[in-house]
>>> print(open('start07.cif').read())   # mmCIF, C-alpha atoms and all ligand atoms
data_work
loop_
_atom_site.label_atom_id
_atom_site.label_comp_id
_atom_site.auth_asym_id
_atom_site.auth_seq_id
_atom_site.Cartn_x
_atom_site.Cartn_y
_atom_site.Cartn_z
CA MET A 20 -49.88 98.34 25.82
CA THR A 21 -51.97 99.63 22.96
CA ASN A 22 -53.12 96.37 21.50
CA PRO A 23 -56.21 95.05 23.24
CA ALA A 24 -55.88 91.75 25.06
CA PRO A 25 -57.34 88.90 23.07
CA THR A 26 -60.63 87.83 24.58
CA ALA A 27 -61.29 84.64 22.69
CA PRO A 28 -62.83 81.78 24.65
CA ILE A 29 -60.68 78.77 25.37
CA THR A 30 -59.39 77.44 22.12
CA GLN A 31 -57.06 74.62 21.52
CA ASP A 32 -55.04 74.39 18.36
CA VAL A 33 -52.97 71.34 17.87
CA LEU A 34 -50.10 72.33 15.67
CA THR A 35 -48.26 69.75 13.73
CA ILE A 36 -44.90 70.97 12.64
CA PRO A 37 -42.99 68.10 11.11
CA ARG A 38 -39.46 67.71 12.35
CA LYS A 39 -36.86 67.55 9.61
CA ALA A 40 -35.07 64.24 9.65
CA ALA A 41 -31.80 65.83 8.67
CA ALA A 42 -32.08 68.62 11.22
CA GLU A 43 -29.91 66.85 13.77
CA ALA A 44 -26.87 67.09 11.55
CA LYS A 45 -26.85 70.87 11.40
CA ARG A 46 -25.85 73.10 14.25
CA ASN A 47 -28.66 75.21 15.66
CA LEU A 48 -27.61 78.86 15.94
CA VAL A 49 -30.40 79.74 18.38
CA GLY A 50 -29.03 80.05 21.91
CA LEU A 51 -25.36 80.51 21.04
CA THR A 52 -23.69 83.41 22.85
CA ARG A 53 -22.17 86.04 20.58
CA PRO A 54 -18.61 84.69 20.93
CA ASP A 55 -19.89 81.15 20.26
CA LEU A 56 -21.81 82.33 17.22
CA ARG A 57 -18.70 83.98 15.84
CA ALA A 58 -16.63 80.88 16.46
CA ALA A 59 -19.26 78.74 14.72
CA LEU A 60 -19.24 81.03 11.68
CA ILE A 61 -15.45 80.84 11.49
CA ASP A 62 -15.56 77.03 11.79
CA ALA A 63 -17.92 76.93 8.83
CA GLY A 64 -15.47 78.90 6.69
CA THR A 65 -16.18 82.57 7.37
CA PRO A 66 -12.89 84.49 6.97
CA GLU A 67 -11.73 85.71 10.38
CA LYS A 68 -11.55 89.31 9.17
CA GLN A 69 -15.25 89.30 8.31
CA ALA A 70 -16.38 87.31 11.30
CA LYS A 71 -17.37 90.19 13.55
CA MET A 72 -19.51 91.79 10.87
CA ARG A 73 -21.13 88.47 9.88
CA GLU A 74 -21.87 87.68 13.51
CA THR A 75 -23.72 91.00 13.89
CA GLN A 76 -25.65 90.53 10.66
CA VAL A 77 -26.76 86.99 11.44
CA TRP A 78 -27.57 87.96 15.04
CA GLN A 79 -29.83 90.78 13.86
CA TRP A 80 -31.63 88.56 11.39
CA ILE A 81 -32.33 85.95 14.06
CA TYR A 82 -33.13 88.09 17.10
CA ALA A 83 -34.22 91.48 15.75
CA LYS A 84 -36.12 90.37 12.65
CA GLY A 85 -37.20 86.85 13.59
CA VAL A 86 -35.94 85.26 10.37
CA ARG A 87 -35.58 81.45 10.37
CA ASP A 88 -34.44 80.94 6.82
CA PHE A 89 -30.96 81.89 5.60
CA SER A 90 -32.29 82.67 2.12
CA GLN A 91 -34.05 85.72 3.59
CA MET A 92 -30.82 87.26 4.87
CA THR A 93 -30.68 89.68 2.00
CA ASN A 94 -27.64 91.67 3.08
CA LEU A 95 -25.48 88.54 2.72
CA ALA A 96 -24.14 87.36 -0.62
CA LYS A 97 -25.99 84.35 -2.05
CA PRO A 98 -23.05 81.92 -1.84
CA TYR A 99 -22.55 82.87 1.82
CA ARG A 100 -26.25 82.26 2.54
CA ALA A 101 -25.84 78.84 0.93
CA LEU A 102 -22.81 78.12 3.10
CA LEU A 103 -24.78 79.01 6.21
CA ALA A 104 -27.71 76.86 5.16
CA GLU A 105 -25.41 73.89 4.60
CA ASN A 106 -23.94 74.10 8.07
CA PHE A 107 -26.58 75.58 10.30
CA GLU A 108 -30.23 75.84 11.14
CA ILE A 109 -32.30 78.36 13.08
CA ARG A 110 -34.66 76.22 15.09
CA VAL A 111 -36.98 76.97 17.99
CA PRO A 112 -38.91 74.32 19.93
CA GLU A 113 -42.15 73.02 18.54
CA VAL A 114 -45.48 74.31 19.89
CA VAL A 115 -47.70 71.27 20.40
CA VAL A 116 -50.71 72.87 22.05
CA ARG A 117 -51.74 76.50 22.28
CA LYS A 118 -54.53 77.57 24.62
CA VAL A 119 -56.04 80.99 25.09
CA SER A 120 -57.85 81.74 28.35
CA GLU A 121 -60.97 83.85 28.75
CA ASP A 122 -58.76 86.54 30.28
CA GLY A 123 -56.38 86.62 27.33
CA THR A 124 -53.63 84.57 28.98
CA ARG A 125 -51.97 82.26 26.49
CA LYS A 126 -50.38 78.96 27.38
CA TYR A 127 -48.10 77.07 25.05
CA LEU A 128 -47.14 73.48 25.51
CA VAL A 129 -43.75 73.26 23.90
CA ARG A 130 -41.94 70.10 22.85
CA ILE A 131 -38.20 69.96 23.16
CA ALA A 132 -35.59 67.42 22.10
CA GLY A 133 -36.17 64.00 23.58
CA GLY A 134 -39.94 64.47 23.40
CA HIS A 135 -40.12 66.35 26.72
CA GLU A 136 -42.62 69.10 27.20
CA VAL A 137 -42.58 72.41 29.05
CA GLU A 138 -45.15 75.12 29.48
CA VAL A 139 -44.82 78.79 28.66
CA VAL A 140 -47.40 81.38 29.67
CA TYR A 141 -48.05 84.84 28.22
CA ILE A 142 -49.94 87.28 30.45
CA PRO A 143 -51.25 90.50 28.87
CA GLU A 144 -51.84 93.44 31.20
CA ASP A 145 -52.70 97.09 30.67
CA ASP A 146 -49.16 98.38 30.92
CA ARG A 147 -47.13 95.32 29.99
CA GLY A 148 -47.10 91.85 28.51
CA THR A 149 -45.24 89.27 30.55
CA LEU A 150 -43.88 85.96 29.38
CA CYS A 151 -43.44 83.34 32.08
CA VAL A 152 -40.57 81.14 30.94
CA SER A 153 -39.57 77.66 32.12
CA SER A 154 -35.98 76.74 32.89
CA GLN A 155 -36.23 73.00 33.55
CA VAL A 156 -38.47 70.10 32.68
CA GLY A 157 -40.04 69.60 36.10
CA CYS A 158 -38.07 70.55 39.20
CA THR A 159 -35.82 68.65 41.60
CA LEU A 160 -37.19 70.63 44.52
CA THR A 161 -40.40 69.59 46.19
CA CYS A 162 -42.14 72.67 47.52
CA SER A 163 -45.25 71.13 49.02
CA PHE A 164 -47.72 73.65 47.53
CA CYS A 165 -46.32 73.54 43.97
CA HIS A 166 -47.65 71.32 41.22
CA THR A 167 -44.38 71.40 39.29
CA GLY A 168 -42.68 69.98 42.37
CA THR A 169 -44.67 66.77 41.98
CA GLN A 170 -43.19 66.15 38.56
CA LYS A 171 -40.19 64.00 38.08
CA LEU A 172 -37.27 66.11 36.85
CA VAL A 173 -36.20 65.05 33.43
CA ARG A 174 -33.61 67.63 32.51
CA ASN A 175 -32.33 71.19 32.37
CA LEU A 176 -33.34 73.23 29.35
CA THR A 177 -30.59 74.43 27.04
CA ALA A 178 -30.05 78.15 26.42
CA SER A 179 -31.55 77.56 22.98
CA GLU A 180 -34.73 76.08 24.47
CA ILE A 181 -35.03 78.95 26.95
CA ILE A 182 -34.62 81.81 24.47
CA GLY A 183 -36.66 79.72 22.01
CA GLN A 184 -39.68 80.15 24.30
CA VAL A 185 -39.41 83.92 23.90
CA MET A 186 -39.12 83.56 20.11
CA ILE A 187 -42.16 81.28 19.96
CA ALA A 188 -44.24 83.81 21.88
CA ARG A 189 -43.13 86.62 19.58
CA ASP A 190 -44.06 84.46 16.60
CA ASP A 191 -47.52 83.86 18.04
CA LEU A 192 -48.00 87.53 18.93
CA GLY A 193 -46.76 88.56 15.50
CA GLU A 194 -44.21 90.76 17.17
CA TRP A 195 -41.02 91.03 15.25
CA PRO A 196 -40.47 94.76 15.05
CA GLU A 197 -41.03 96.49 11.78
CA PRO A 198 -37.94 98.27 10.47
CA GLY A 199 -37.43 101.60 12.17
CA ARG A 200 -39.67 100.82 15.12
CA ASN A 201 -38.01 101.54 18.41
CA PRO A 202 -37.38 98.17 20.02
CA LYS A 203 -37.48 99.75 23.48
CA ASP A 204 -41.04 100.84 22.89
CA GLU A 205 -43.06 100.17 26.03
CA THR A 206 -46.09 99.35 23.95
CA ARG A 207 -44.53 96.04 23.02
CA LEU A 208 -46.81 93.05 23.45
CA LEU A 209 -43.99 91.06 25.04
CA SER A 210 -42.31 93.62 27.29
CA ASN A 211 -41.27 91.57 30.32
CA ILE A 212 -39.87 88.14 31.07
CA VAL A 213 -40.28 86.32 34.36
CA LEU A 214 -38.37 83.13 35.05
CA MET A 215 -41.28 81.77 37.06
CA GLY A 216 -42.34 78.81 34.97
CA MET A 217 -41.30 75.26 35.60
CA GLY A 218 -38.02 74.63 37.34
CA GLU A 219 -35.49 76.31 39.59
CA PRO A 220 -33.52 78.71 37.35
CA LEU A 221 -30.52 78.82 39.65
CA TYR A 222 -30.06 75.07 39.29
CA ASN A 223 -29.55 75.69 35.58
CA PHE A 224 -27.45 78.82 35.94
CA GLU A 225 -25.29 78.95 32.78
CA ASN A 226 -28.11 78.21 30.36
CA VAL A 227 -30.44 80.71 32.01
CA ARG A 228 -27.68 83.33 32.01
CA ASP A 229 -26.81 82.82 28.35
CA ALA A 230 -30.47 82.95 27.30
CA MET A 231 -31.14 86.12 29.27
CA LYS A 232 -28.02 87.76 27.82
CA ILE A 233 -29.46 87.07 24.39
CA ALA A 234 -32.82 88.58 25.43
CA MET A 235 -31.05 91.71 26.69
CA ASP A 236 -28.73 92.20 23.73
CA PRO A 237 -29.43 95.65 22.25
CA GLU A 238 -29.02 94.38 18.69
CA GLY A 239 -31.65 91.71 19.12
CA ILE A 240 -34.67 91.23 21.35
CA SER A 241 -33.34 94.09 23.42
CA LEU A 242 -35.25 93.81 26.68
CA SER A 243 -33.91 95.87 29.55
CA ARG A 244 -32.50 93.90 32.47
CA ARG A 245 -35.06 95.76 34.55
CA ARG A 246 -37.80 93.97 32.65
CA ILE A 247 -36.46 90.51 33.42
CA THR A 248 -37.18 88.92 36.79
CA LEU A 249 -35.65 85.67 37.96
CA SER A 250 -37.48 83.84 40.74
CA THR A 251 -35.58 81.49 43.00
CA SER A 252 -36.66 79.30 45.87
CA GLY A 253 -33.42 80.34 47.60
CA VAL A 254 -30.31 78.78 46.07
CA VAL A 255 -28.11 80.99 48.22
CA PRO A 256 -24.67 80.39 46.64
CA GLU A 257 -25.94 81.38 43.20
CA ILE A 258 -27.57 84.66 44.25
CA ALA A 259 -24.38 86.74 44.20
CA ARG A 260 -23.51 85.22 40.84
CA THR A 261 -26.92 86.22 39.48
CA ALA A 262 -26.22 89.81 40.47
CA GLU A 263 -22.79 89.78 38.83
CA GLU A 264 -23.41 87.75 35.70
CA ILE A 265 -27.06 88.50 34.82
CA GLY A 266 -27.97 91.66 36.73
CA CYS A 267 -31.72 91.16 36.32
CA GLN A 268 -34.41 91.74 38.92
CA LEU A 269 -34.66 89.11 41.63
CA ALA A 270 -37.73 87.54 43.18
CA VAL A 271 -37.53 85.05 45.99
CA SER A 272 -40.10 82.46 46.99
CA PHE A 273 -40.16 83.34 50.66
CA HIS A 274 -43.55 81.98 51.76
CA ALA A 275 -42.91 81.61 55.51
CA THR A 276 -41.57 83.57 58.46
CA THR A 277 -40.14 80.78 60.61
CA ASP A 278 -37.66 78.10 59.62
CA ALA A 279 -40.02 75.41 60.93
CA VAL A 280 -42.78 76.41 58.50
CA ARG A 281 -40.42 77.23 55.62
CA ASP A 282 -38.79 73.81 56.00
CA THR A 283 -42.11 72.20 55.20
CA LEU A 284 -43.17 74.57 52.41
CA VAL A 285 -39.84 75.19 50.66
CA PRO A 286 -37.60 72.26 51.63
CA ILE A 287 -34.45 73.94 50.27
CA ASN A 288 -34.71 75.94 53.50
CA LYS A 289 -33.18 72.95 55.29
CA ARG A 290 -30.05 73.52 53.26
CA TRP A 291 -29.99 77.35 53.42
CA ASN A 292 -32.21 78.78 56.12
CA ILE A 293 -34.04 82.12 56.33
CA GLN A 294 -31.10 83.96 57.88
CA GLU A 295 -28.62 82.77 55.24
CA LEU A 296 -31.10 83.66 52.51
CA LEU A 297 -31.67 87.15 53.90
CA ASP A 298 -27.92 87.77 54.14
CA ALA A 299 -27.53 86.96 50.44
CA LEU A 300 -30.54 89.10 49.51
CA ARG A 301 -29.20 92.09 51.41
CA GLU A 302 -26.18 92.16 49.11
CA TYR A 303 -28.11 91.69 45.87
CA PRO A 304 -29.30 95.24 45.10
CA LYS A 305 -25.82 96.67 45.69
CA VAL A 306 -24.08 94.30 43.33
CA SER A 307 -26.72 94.19 40.61
CA ASN A 308 -27.66 97.85 40.91
CA SER A 309 -31.31 96.81 40.90
CA GLU A 310 -33.96 98.54 42.90
CA ARG A 311 -36.02 96.16 44.95
CA ILE A 312 -36.22 92.48 45.70
CA THR A 313 -39.65 90.95 45.21
CA PHE A 314 -40.65 88.65 48.06
CA GLU A 315 -43.21 86.16 46.81
CA TYR A 316 -45.52 84.93 49.50
CA VAL A 317 -48.16 82.29 48.74
CA MET A 318 -51.22 82.67 50.95
CA LEU A 319 -52.10 79.32 52.51
CA LYS A 320 -55.06 79.12 54.85
CA ASP A 321 -54.01 78.68 58.51
CA VAL A 322 -50.43 77.84 57.52
CA ASN A 323 -48.61 81.15 56.95
CA ASP A 324 -51.30 83.80 56.82
CA SER A 325 -51.70 85.15 60.39
CA ASP A 326 -51.23 88.76 61.53
CA GLU A 327 -48.23 87.52 63.46
CA ASP A 328 -46.70 86.17 60.24
CA ALA A 329 -47.17 89.54 58.58
CA ARG A 330 -45.44 91.32 61.46
CA ARG A 331 -42.59 88.80 61.55
CA LEU A 332 -42.12 89.22 57.82
CA ILE A 333 -41.71 92.98 58.25
CA GLU A 334 -39.08 92.45 60.95
CA LEU A 335 -37.17 89.92 58.86
CA ILE A 336 -36.86 92.05 55.75
CA LYS A 337 -35.95 95.27 57.52
CA GLY A 338 -33.24 97.11 55.63
CA ILE A 339 -33.83 95.30 52.33
CA PRO A 340 -35.46 97.38 49.57
CA ALA A 341 -38.45 95.13 48.99
CA LYS A 342 -41.88 94.64 47.56
CA ILE A 343 -44.06 91.80 48.82
CA ASN A 344 -46.07 90.00 46.20
CA LEU A 345 -48.92 88.08 47.83
CA ILE A 346 -49.98 85.11 45.74
CA PRO A 347 -53.36 83.55 46.51
CA PHE A 348 -52.73 79.81 46.48
CA ASN A 349 -53.71 78.25 43.17
CA GLU A 350 -55.23 74.88 43.72
CA TRP A 351 -54.38 71.80 41.72
CA PRO A 352 -55.79 68.28 41.90
CA GLY A 353 -54.73 66.66 45.17
CA ALA A 354 -53.11 69.78 46.62
CA PRO A 355 -52.74 69.57 50.42
CA TYR A 356 -53.57 73.27 51.05
CA GLN A 357 -56.36 75.77 50.70
CA ARG A 358 -56.26 79.38 49.60
CA SER A 359 -56.58 81.98 52.38
CA SER A 360 -59.84 83.94 52.34
CA ASN A 361 -59.89 87.26 50.52
CA ASN A 362 -60.41 89.08 53.82
CA ARG A 363 -57.39 87.38 55.35
CA ILE A 364 -55.23 88.23 52.34
CA ARG A 365 -56.37 91.87 52.43
CA ARG A 366 -55.68 92.13 56.16
CA PHE A 367 -52.20 90.61 55.69
CA ALA A 368 -51.51 93.01 52.82
CA ASP A 369 -52.67 95.94 54.90
CA ILE A 370 -50.25 95.23 57.75
CA ILE A 371 -47.35 95.07 55.32
CA TYR A 372 -48.49 98.14 53.42
CA LYS A 373 -48.73 100.17 56.64
CA ALA A 374 -45.13 99.23 57.42
CA GLY A 375 -44.14 101.01 54.20
CA TYR A 376 -43.88 98.14 51.69
CA ALA A 377 -45.79 97.72 48.46
CA SER A 378 -47.91 94.61 48.93
CA PRO A 379 -49.76 93.85 45.70
CA ILE A 380 -52.00 90.80 45.62
CA ARG A 381 -51.30 88.83 42.47
CA THR A 382 -54.48 88.20 40.54
CA PRO A 383 -54.52 84.61 39.35
CA ARG A 384 -54.46 84.53 35.57
CA GLY A 385 -55.41 81.81 33.16
CA GLU A 386 -56.84 79.52 35.84
CA ASP A 387 -59.28 78.01 33.33
CA ILE A 388 -56.32 76.67 31.34
CA MET A 389 -54.22 75.71 34.40
CA ALA A 390 -51.72 78.44 33.58
CA ALA A 391 -51.59 80.10 36.99
CA CYS A 392 -48.51 80.05 39.25
CA GLY A 393 -47.66 76.61 40.46
CA GLN A 394 -50.12 74.87 38.17
CA LEU A 395 -47.65 74.18 35.42
CA LYS A 396 -46.94 70.60 34.73
CA SER A 397 -46.76 68.84 31.44
CA ALA A 398 -48.94 65.90 30.63
CA THR A 399 -46.01 63.63 29.94
CA GLU A 400 -44.77 63.23 33.48
CA ARG A 401 -47.11 62.60 36.31
CA ALA A 402 -45.17 60.33 38.59
CA ARG A 403 -44.41 61.75 42.00
CA LYS A 404 -40.84 61.25 43.02
CA SER A 405 -40.05 59.63 46.31
CA ARG A 406 -38.51 61.92 48.89
CA ALA A 407 -35.47 59.66 49.00
CA GLN A 408 -34.94 59.96 45.27
CA ILE A 409 -35.09 63.76 45.44
CA ALA A 410 -32.75 63.86 48.42
CA ALA A 411 -30.27 61.70 46.54
CA GLU A 412 -30.38 63.95 43.49
CA THR A 413 -30.19 67.31 45.19
CA GLY A 414 -28.07 66.42 48.17
CA LEU A 415 -30.67 68.06 50.40
N1 LIG B 1 -38.64 77.68 41.04
C1 LIG B 1 -38.73 79.08 41.14
C2 LIG B 1 -39.57 79.71 40.05
C3 LIG B 1 -40.86 79.05 39.64
S1 LIG B 1 -42.25 79.12 40.71
C4 LIG B 1 -39.25 79.48 42.49
O1 LIG B 1 -39.71 78.63 43.23
O2 LIG B 1 -39.14 80.65 42.82
C5 LIG B 1 -42.94 80.76 40.56
C6 LIG B 1 -43.70 81.20 41.82
O3 LIG B 1 -44.97 80.52 41.95
C7 LIG B 1 -42.94 80.89 43.10
O4 LIG B 1 -42.98 81.94 44.01
C8 LIG B 1 -43.70 79.72 43.63
O5 LIG B 1 -43.47 79.55 44.97
C9 LIG B 1 -45.12 80.08 43.29
N2 LIG B 1 -46.04 78.95 43.33
C10 LIG B 1 -45.76 77.65 43.15
N3 LIG B 1 -46.89 76.91 43.30
C11 LIG B 1 -47.89 77.76 43.57
C12 LIG B 1 -49.30 77.60 43.78
N4 LIG B 1 -49.87 76.41 43.72
N5 LIG B 1 -50.03 78.70 44.02
C13 LIG B 1 -49.45 79.92 44.02
N6 LIG B 1 -48.14 80.13 43.81
C14 LIG B 1 -47.36 79.06 43.59
FE1 LIG B 2 -39.53 74.03 42.06
FE2 LIG B 2 -40.20 76.61 42.37
FE3 LIG B 2 -42.10 74.71 42.38
FE4 LIG B 2 -40.42 74.91 44.43
S1 LIG B 2 -41.95 76.44 43.78
S2 LIG B 2 -41.01 73.00 43.40
S3 LIG B 2 -38.53 75.50 43.41
S4 LIG B 2 -40.77 75.25 40.65
#
>>> encode(input="start07.cif", output="structure tokens")
Amino acid sequence: MTNPAPTAPITQDVLTIPRKAAAEAKRNLVGLTRPDLRAALIDAGTPEKQAKMRETQVWQWIYAKGVRDFSQMTNLAKPYRALLAENFEIRVPEVVVRKVSEDGTRKYLVRIAGGHEVEVVYIPEDDRGTLCVSSQVGCTLTCSFCHTGTQKLVRNLTASEIIGQVMIARDDLGEWPEPGRNPKDETRLLSNIVLMGMGEPLYNFENVRDAMKIAMDPEGISLSRRRITLSTSGVVPEIARTAEEIGCQLAVSFHATTDAVRDTLVPINKRWNIQELLDALREYPKVSNSERITFEYVMLKDVNDSDEDARRLIELIKGIPAKINLIPFNEWPGAPYQRSSNNRIRRFADIIYKAGYASPIRTPRGEDIMAACGQLKSATERARKSRAQIAAETGL
């Protein structure tokens, strides 16, 4: 990335973007798949013969140029622009708070319909800029080390709200490509997407899929599927479908090497255990034609961080093209765990590395603004769900 990371101290801008009262009446084009966009244009009176061309033009204005106002769509005749404006809007969620960390990480608190809030995090690095996108308000799962898991689930995000997070970040970064600039340029500020924000993406499959298809579309945002990583806690039945219908990179929140420990850390393990998860993961690279699975492993002091755990992990993943991403535990108020010591993490990484696997230790980013992994949780919902309530909702 050529642009230097912003180094401003923590700042907090409260943005007030008034919501149009009449907005509800118009259909939002953001988040529609290409076939749905075409159908919507036909419904509004676009002659069928022109529909394909109009779909491409409107698509490019929205996703390649970042235009939100039909009057700026200068390759469309004025009466057609007026017709579009009468029927549609191009609306992304509202940014309520924007914070910039000392390390350049940016966190946006985004308000979506119904007054709910989700968090989006942008992480600049030397060779890439990664946007961590949320897929749900809260999460129905209750991983015991995760702050999001203590939040009451309110709802799934729509495809529009998911792709809208990417558009908001590009707005803030000022990154809508200038004409003629190669959109595949690796010097882009926003070059990667990780579905590692709030929520379990595979419990909101269709919306996540549609949004990622929009992000990958070569006539729009045009990110390679190799630059999109979906992280799941292990929703086994949806893993094959992810390979077939999205084809992005896969990360899995593994975190333990025995079912007994994984049951307590990642309770979805009671539904689909380590063996079932590994079977599904073994198939993933073949079907999706992706290179490696990322195994995320949170380092919790005296819980999952022994030499024996490291060796068991190597045995378990044998035969799967893998990289192990060690995540030092990020603390949050009231968290029942502690981060493993740096020496312990290095020793664990070393054992895995010597067995032939990449074992990077993820540097926590944006801790001063509570933007690090597992710290995301909006201010609106603080109530902890009862275990019974979660069990009833998820069938776990
Ligand atoms: N629900 C998905 C994606 C979001 S979580 C999933 O669980 O995979 C993104 C990553 O952050 C996961 O690997 C998750 O286990 C990890 N994580 C959650 N809380 C954390 C914490 N407090 N410290 C470090 N990593 C955490
Ligand atoms: Fe949900 Fe992922 Fe947090 Fe588990 S780690 S509670 S699946 S967001």
>>> atom_distance(input="start07.cif", atom1="atom CA of A:Thr313", atom2="atom CA of A:Ala275")
14.3 Å
>>> residues_around(input="start07.cif", residues="A:Asn361", least_positions_apart="6", cutoff="10 Å", atoms="all atoms listed in the file", output="PDB file with C-alpha atoms, keeping the file's coordinate frame")
ATOM      1  CA  MET A 318     -51.220  82.670  50.950  1.00  0.00           C
ATOM      2  CA  PRO A 347     -53.360  83.550  46.510  1.00  0.00           C
ATOM      3  CA  PHE A 367     -52.200  90.610  55.690  1.00  0.00           C
ATOM      4  CA  ILE A 380     -52.000  90.800  45.620  1.00  0.00           C
TER       5      ILE A 380
END
>>> residues_near_point(input="start07.cif", point="(-39.2, 74.6, 18.5)", cutoff="8 Å", atoms="all atoms listed in the file", output="list in words")
Arg110, Val111, Pro112, Glu113, Val114, Val129, Arg130, Ile131, Glu180, Gly183 and Ile187 of chain A
>>> atom_distance(input="start07.cif", atom1="atom CA of A:Asp282", atom2="atom CA of A:Asn226")
28.1 Å
>>> closest_atom_pairs(input="start07.cif", of="chain A", to="ligand LIG 1 (chain B)", cutoff="7 Å", atoms="all atoms listed in the file", output="CSV")
residue,atom,partner,partner_atom,distance
A:Phe164,CA,B:LIG1,N4,5.2
A:Cys165,CA,B:LIG1,N3,3.5
A:His166,CA,B:LIG1,N3,6.0
A:Leu214,CA,B:LIG1,C2,6.2
A:Met215,CA,B:LIG1,C3,3.8
A:Gly216,CA,B:LIG1,C3,4.9
A:Met217,CA,B:LIG1,C3,5.6
A:Gly218,CA,B:LIG1,N1,4.8
A:Glu219,CA,B:LIG1,N1,3.7
A:Pro220,CA,B:LIG1,N1,6.4
A:Ser250,CA,B:LIG1,O2,4.2
A:Thr251,CA,B:LIG1,O2,3.7
A:Ser252,CA,B:LIG1,O1,4.1
A:Val271,CA,B:LIG1,O2,5.7
A:Ser272,CA,B:LIG1,O4,4.2
A:Glu315,CA,B:LIG1,O4,5.1
A:Tyr316,CA,B:LIG1,O4,6.7
A:Val317,CA,B:LIG1,N6,5.4
A:Ile346,CA,B:LIG1,C13,5.5
A:Pro347,CA,B:LIG1,C13,5.9
A:Phe348,CA,B:LIG1,N5,3.8
A:Asn349,CA,B:LIG1,N5,3.8
A:Glu350,CA,B:LIG1,N4,5.6
A:Trp351,CA,B:LIG1,N4,6.8
A:Cys392,CA,B:LIG1,O3,4.5
A:Gly393,CA,B:LIG1,N3,3.0
A:Gln394,CA,B:LIG1,N4,5.8
>>> residues_around(input="start07.cif", residues="A:Leu296", least_positions_apart="5", cutoff="9 Å", atoms="all atoms listed in the file", output="PyMOL selection string")
chain A and resi 253-255+288+291+301
